[in-house]
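Chemist: See entry.pdb below, with PDB, C-alpha atoms.
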```
ATOM      1  CA  MET A   1     143.622 177.238  91.839  1.00  0.00           C
ATOM      2  CA  PRO A   2     143.835 174.471  93.055  1.00  0.00           C
ATOM      3  CA  HIS A   3     140.533 172.937  92.116  1.00  0.00           C
ATOM      4  CA  LEU A   4     139.592 169.399  93.071  1.00  0.00           C
ATOM      5  CA  VAL A   5     136.627 168.317  90.982  1.00  0.00           C
ATOM      6  CA  ILE A   6     134.752 165.166  91.912  1.00  0.00           C
ATOM      7  CA  PHE A   7     132.422 163.377  89.531  1.00  0.00           C
ATOM      8  CA  TYR A   8     130.470 160.558  91.133  1.00  0.00           C
ATOM      9  CA  SER A   9     127.508 158.306  90.541  1.00  0.00           C
ATOM     10  CA  GLY A  10     124.383 159.855  92.027  1.00  0.00           C
ATOM     11  CA  ASN A  11     123.512 156.681  93.914  1.00  0.00           C
ATOM     12  CA  LEU A  12     126.326 157.432  96.381  1.00  0.00           C
ATOM     13  CA  ASP A  13     124.326 160.311  97.881  1.00  0.00           C
ATOM     14  CA  ARG A  14     122.102 157.818  99.715  1.00  0.00           C
ATOM     15  CA  ASP A  15     124.972 156.661 101.922  1.00  0.00           C
ATOM     16  CA  LEU A  16     127.625 159.360 101.739  1.00  0.00           C
ATOM     17  CA  ASP A  17     127.821 162.896 103.116  1.00  0.00           C
ATOM     18  CA  MET A  18     129.525 164.471 100.111  1.00  0.00           C
ATOM     19  CA  THR A  19     129.732 167.888 101.782  1.00  0.00           C
ATOM     20  CA  ALA A  20     131.806 166.348 104.589  1.00  0.00           C
ATOM     21  CA  VAL A  21     133.994 164.576 102.023  1.00  0.00           C
ATOM     22  CA  CYS A  22     134.580 167.880 100.209  1.00  0.00           C
ATOM     23  CA  ARG A  23     135.464 169.656 103.466  1.00  0.00           C
ATOM     24  CA  GLY A  24     137.857 166.888 104.509  1.00  0.00           C
ATOM     25  CA  LEU A  25     139.612 166.939 101.149  1.00  0.00           C
ATOM     26  CA  ALA A  26     139.904 170.742 101.187  1.00  0.00           C
ATOM     27  CA  ASP A  27     141.412 170.562 104.682  1.00  0.00           C
ATOM     28  CA  ALA A  28     143.903 167.961 103.442  1.00  0.00           C
ATOM     29  CA  MET A  29     144.880 170.177 100.516  1.00  0.00           C
ATOM     30  CA  ASN A  30     145.355 173.153 102.829  1.00  0.00           C
ATOM     31  CA  SER A  31     147.582 171.136 105.160  1.00  0.00           C
ATOM     32  CA  VAL A  32     150.264 170.313 102.572  1.00  0.00           C
ATOM     33  CA  ARG A  33     153.558 172.203 102.769  1.00  0.00           C
ATOM     34  CA  ASP A  34     156.138 172.748 100.043  1.00  0.00           C
ATOM     35  CA  ASP A  35     159.881 172.052 100.164  1.00  0.00           C
ATOM     36  CA  GLU A  36     160.383 175.176 102.294  1.00  0.00           C
ATOM     37  CA  GLY A  37     157.573 174.393 104.730  1.00  0.00           C
ATOM     38  CA  LYS A  38     155.157 176.952 103.266  1.00  0.00           C
ATOM     39  CA  PRO A  39     151.561 176.126 102.345  1.00  0.00           C
ATOM     40  CA  VAL A  40     151.431 174.708  98.827  1.00  0.00           C
ATOM     41  CA  PHE A  41     148.117 176.370  98.012  1.00  0.00           C
ATOM     42  CA  PRO A  42     146.696 179.784  98.851  1.00  0.00           C
ATOM     43  CA  ILE A  43     143.819 179.120 101.222  1.00  0.00           C
ATOM     44  CA  GLY A  44     141.527 181.454  99.295  1.00  0.00           C
ATOM     45  CA  GLY A  45     142.124 179.477  96.105  1.00  0.00           C
ATOM     46  CA  THR A  46     141.306 176.013  97.418  1.00  0.00           C
ATOM     47  CA  ARG A  47     138.077 174.669  95.979  1.00  0.00           C
ATOM     48  CA  VAL A  48     136.514 171.224  96.077  1.00  0.00           C
ATOM     49  CA  LEU A  49     133.468 170.725  93.877  1.00  0.00           C
ATOM     50  CA  ALA A  50     131.401 167.537  93.608  1.00  0.00           C
ATOM     51  CA  TYR A  51     129.001 166.704  90.794  1.00  0.00           C
ATOM     52  CA  PRO A  52     126.702 163.685  90.957  1.00  0.00           C
ATOM     53  CA  ALA A  53     125.941 161.925  87.697  1.00  0.00           C
ATOM     54  CA  PRO A  54     122.209 161.171  87.600  1.00  0.00           C
ATOM     55  CA  HIS A  55     122.731 158.723  84.733  1.00  0.00           C
ATOM     56  CA  PHE A  56     125.575 156.209  84.823  1.00  0.00           C
ATOM     57  CA  ALA A  57     126.642 152.637  84.143  1.00  0.00           C
ATOM     58  CA  VAL A  58     129.264 150.984  86.316  1.00  0.00           C
ATOM     59  CA  SER A  59     131.116 147.767  85.542  1.00  0.00           C
ATOM     60  CA  ASP A  60     128.863 144.757  84.879  1.00  0.00           C
ATOM     61  CA  GLY A  61     125.727 146.403  86.213  1.00  0.00           C
ATOM     62  CA  GLY A  62     125.957 144.561  89.524  1.00  0.00           C
ATOM     63  CA  GLN A  63     125.929 140.961  88.283  1.00  0.00           C
ATOM     64  CA  ALA A  64     129.101 139.884  90.096  1.00  0.00           C
ATOM     65  CA  GLY A  65     128.043 141.661  93.273  1.00  0.00           C
ATOM     66  CA  ARG A  66     124.651 139.960  93.337  1.00  0.00           C
ATOM     67  CA  ALA A  67     126.287 136.589  92.575  1.00  0.00           C
ATOM     68  CA  ALA A  68     128.513 137.182  95.616  1.00  0.00           C
ATOM     69  CA  GLY A  69     125.465 137.823  97.802  1.00  0.00           C
ATOM     70  CA  GLU A  70     125.855 141.611  97.771  1.00  0.00           C
ATOM     71  CA  SER A  71     123.464 144.258  96.480  1.00  0.00           C
ATOM     72  CA  GLY A  72     125.219 144.848  93.177  1.00  0.00           C
ATOM     73  CA  ASP A  73     124.606 148.572  93.649  1.00  0.00           C
ATOM     74  CA  TYR A  74     128.017 149.780  92.498  1.00  0.00           C
ATOM     75  CA  GLY A  75     129.183 153.358  92.465  1.00  0.00           C
ATOM     76  CA  PHE A  76     132.102 155.361  91.159  1.00  0.00           C
ATOM     77  CA  MET A  77     134.000 158.463  92.135  1.00  0.00           C
ATOM     78  CA  TYR A  78     136.542 160.275  89.995  1.00  0.00           C
ATOM     79  CA  LEU A  79     138.665 162.957  91.654  1.00  0.00           C
ATOM     80  CA  ASN A  80     140.714 165.303  89.485  1.00  0.00           C
ATOM     81  CA  LEU A  81     142.984 167.854  91.129  1.00  0.00           C
ATOM     82  CA  ARG A  82     144.097 170.633  88.844  1.00  0.00           C
ATOM     83  CA  MET A  83     146.893 172.842  90.080  1.00  0.00           C
ATOM     84  CA  ALA A  84     149.114 175.399  88.428  1.00  0.00           C
ATOM     85  CA  ARG A  85     152.617 174.547  87.301  1.00  0.00           C
ATOM     86  CA  GLY A  86     155.701 175.602  89.214  1.00  0.00           C
ATOM     87  CA  ARG A  87     155.625 173.163  92.118  1.00  0.00           C
ATOM     88  CA  SER A  88     158.395 170.614  92.496  1.00  0.00           C
ATOM     89  CA  GLU A  89     157.752 166.969  91.734  1.00  0.00           C
ATOM     90  CA  ALA A  90     158.286 166.198  95.433  1.00  0.00           C
ATOM     91  CA  THR A  91     155.615 168.761  96.344  1.00  0.00           C
ATOM     92  CA  GLN A  92     153.226 167.319  93.771  1.00  0.00           C
ATOM     93  CA  GLN A  93     153.799 163.866  95.286  1.00  0.00           C
ATOM     94  CA  ARG A  94     153.116 165.217  98.800  1.00  0.00           C
ATOM     95  CA  VAL A  95     149.866 166.723  97.576  1.00  0.00           C
ATOM     96  CA  GLY A  96     148.880 163.427  95.952  1.00  0.00           C
ATOM     97  CA  GLN A  97     149.717 161.454  99.078  1.00  0.00           C
ATOM     98  CA  ALA A  98     147.850 163.860 101.379  1.00  0.00           C
ATOM     99  CA  VAL A  99     144.696 163.937  99.252  1.00  0.00           C
ATOM    100  CA  SER A 100     144.799 160.166  98.700  1.00  0.00           C
ATOM    101  CA  ALA A 101     145.230 159.515 102.422  1.00  0.00           C
ATOM    102  CA  ALA A 102     142.342 161.844 103.267  1.00  0.00           C
ATOM    103  CA  ALA A 103     140.103 160.246 100.637  1.00  0.00           C
ATOM    104  CA  ARG A 104     140.939 156.756 101.911  1.00  0.00           C
ATOM    105  CA  GLU A 105     140.114 157.775 105.478  1.00  0.00           C
ATOM    106  CA  LEU A 106     136.925 159.644 104.583  1.00  0.00           C
ATOM    107  CA  LEU A 107     135.650 156.831 102.348  1.00  0.00           C
ATOM    108  CA  ALA A 108     136.741 153.830 104.440  1.00  0.00           C
ATOM    109  CA  PRO A 109     133.399 153.434 106.289  1.00  0.00           C
ATOM    110  CA  PHE A 110     131.527 153.878 103.019  1.00  0.00           C
ATOM    111  CA  LYS A 111     133.578 151.168 101.283  1.00  0.00           C
ATOM    112  CA  GLN A 112     132.450 148.727 103.949  1.00  0.00           C
ATOM    113  CA  VAL A 113     128.823 149.009 102.801  1.00  0.00           C
ATOM    114  CA  ARG A 114     129.189 149.466  99.035  1.00  0.00           C
ATOM    115  CA  ARG A 115     131.424 148.553  96.102  1.00  0.00           C
ATOM    116  CA  VAL A 116     132.812 151.692  94.540  1.00  0.00           C
ATOM    117  CA  GLY A 117     135.413 152.409  91.882  1.00  0.00           C
ATOM    118  CA  LEU A 118     137.699 155.248  92.958  1.00  0.00           C
ATOM    119  CA  THR A 119     140.173 157.136  90.783  1.00  0.00           C
ATOM    120  CA  PHE A 120     142.284 160.149  91.728  1.00  0.00           C
ATOM    121  CA  GLN A 121     144.459 162.074  89.279  1.00  0.00           C
ATOM    122  CA  ILE A 122     146.468 165.272  89.474  1.00  0.00           C
ATOM    123  CA  ASP A 123     146.609 167.465  86.396  1.00  0.00           C
ATOM    124  CA  VAL A 124     149.451 169.962  86.127  1.00  0.00           C
ATOM    125  CA  GLY A 125     148.963 170.574  82.426  1.00  0.00           C
ATOM    126  CA  PRO A 126     149.749 173.604  80.324  1.00  0.00           C
ATOM    127  CA  GLU A 127     147.666 176.697  80.783  1.00  0.00           C
ATOM    128  CA  VAL A 128     146.669 178.666  77.745  1.00  0.00           C
ATOM    129  CA  TYR A 129     144.868 181.439  79.592  1.00  0.00           C
ATOM    130  CA  ASP A 130     144.233 181.923  83.298  1.00  0.00           C
ATOM    131  CA  ALA A 131     142.264 184.840  84.719  1.00  0.00           C
ATOM    132  CA  LYS A 132     141.413 185.350  88.373  1.00  0.00           C
ATOM    133  CA  PHE A 133     139.178 188.263  89.269  1.00  0.00           C
ATOM    134  CA  GLY A 134     137.155 187.264  92.327  1.00  0.00           C
ATOM    135  CA  ASN A 135     137.444 188.906  95.728  1.00  0.00           C
ATOM    136  CA  LEU A 136     137.921 185.875  97.996  1.00  0.00           C
ATOM    137  CA  HIS A 137     141.741 186.038  98.012  1.00  0.00           C
ATOM    138  CA  ASP A 138     141.576 189.629  99.274  1.00  0.00           C
ATOM    139  CA  LEU A 139     140.110 188.436 102.560  1.00  0.00           C
ATOM    140  CA  PHE A 140     143.141 186.246 103.278  1.00  0.00           C
ATOM    141  CA  GLN A 141     145.774 188.593 101.903  1.00  0.00           C
ATOM    142  CA  LYS A 142     144.726 191.365 104.297  1.00  0.00           C
ATOM    143  CA  GLY A 143     145.416 189.192 107.320  1.00  0.00           C
ATOM    144  CA  ALA A 144     141.727 188.894 108.191  1.00  0.00           C
ATOM    145  CA  ARG A 145     142.247 185.217 108.738  1.00  0.00           C
TER     146      ARG A 145
END
```
Could you render the structure as structure tokens?
Modeler:
Amino acid sequence: MPHLVIFYSGNLDRDLDMTAVCRGLADAMNSVRDDEGKPVFPIGGTRVLAYPAPHFAVSDGGQAGRAAGESGDYGFMYLNLRMARGRSEATQQRVGQAVSAAARELLAPFKQVRRVGLTFQIDVGPEVYDAKFGNLHDLFQKGAR
């Protein structure tokens, strides 16, 4: 953990480099420090995943946009950051502000050419079971960074 999962309307792929958005958001997550100045997230645990929805309906289907002389080709993007409990509220706020600021910057040029609904939420809910058994963390724990 943390995992930032992005669900978005597939029509955004025509005008948006989602891989660059994912990289920028991961970099933002890795830049956040806790109350003691330490990285909030282990670098080997940071993941940003984006899933386009091939089938979707957004708002009024474009009627208001077309009436305003625009294309009416709306899109949406939902970002959900899930992180483990144990971080202070101030740290959680810093994470939210950093990811929001990065998303605003990365998507600003895109918002100039298309109407898009954007939502970002952080989930620090209860964990019933959590198993980690990959080998990516090992690379960073051995100082190979």
Chemist: So, with all atoms listed in the file as the atoms that count, which of A:Ile6, A:Ala103, A:Ala28, A:Met77 lies closest to Gly117 (chain A)?
Modeler: A:Met77
Chemist: Once the PyMOL selection byres ((chain A and resi 118-126) around 9) has been applied to the shown file, what residues remain in the selection, as a list in words?
Modeler: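 Residues picked by the PyMOL selection byres ((chain A and resi 118-126) around 9): Leu4, Gly75, Phe76, Met77, Tyr78, Leu79, Asn80, Leu81, Arg82, Met83, Ala84, Arg85, Gly86, Gln92, Val95, Gly96, Val99, Ser100, Val116, Gly117, Glu127 and Val128 of chain A.
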Chemist: Considering all atoms listed in the file, state which residue in the set A:Asp27, A:Ala108, A:Asp35, A:Leu16 is at the smallest distance from Ala90 (chain A).
Modeler: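 Counting all atoms listed in the file, the residue closest to Ala90 (chain A) is A:Asp35.
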Chemist: So, counting only C-alpha atoms, which residue among A:Gly72, A:Gly44, A:Pro39, A:Pro54 is closest to Gly10 (chain A)?
Modeler: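 Residue with the minimum atom-to-atom distance to Gly10 (chain A): A:Pro54.
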Chemist: Measuring between all atoms listed in the file, which one of A:Asp15, A:Asp130, A:Asp60, A:Asp34 shows the shortest distance to Thr91 (chain A)?
Modeler: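 Using all atoms listed in the file, the shortest distance to Thr91 (chain A) belongs to A:Asp34.
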Chemist: Given all atoms listed in the file as the basis, pick out the residue of A:Gln97, A:Asp73, A:Val5, A:Ala131 nearest to Val21 (chain A).
Modeler: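 Between A:Gln97, A:Asp73, A:Val5, A:Ala131, the residue approaching Val21 (chain A) most closely is A:Val5.
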Chemist: Would you place a box with edges along x, y and z of the file around all atoms of region 72-80 of chain A listed there, add 8 Å to each of its six sides, and report the centre and edge lengths in Å to one decimal, as AutoDock Vina command-line options?
Modeler:
```
--center_x 132.7 --center_y 155.1 --center_z 91.6 --size_x 32.1 --size_y 36.5 --size_z 20.2
```
Chemist: For CA of Ala50 (chain A) and CA of Ser9 (chain A), determine how far apart the two atoms are, in Å to one decimal place.
Modeler: 10.5 Å
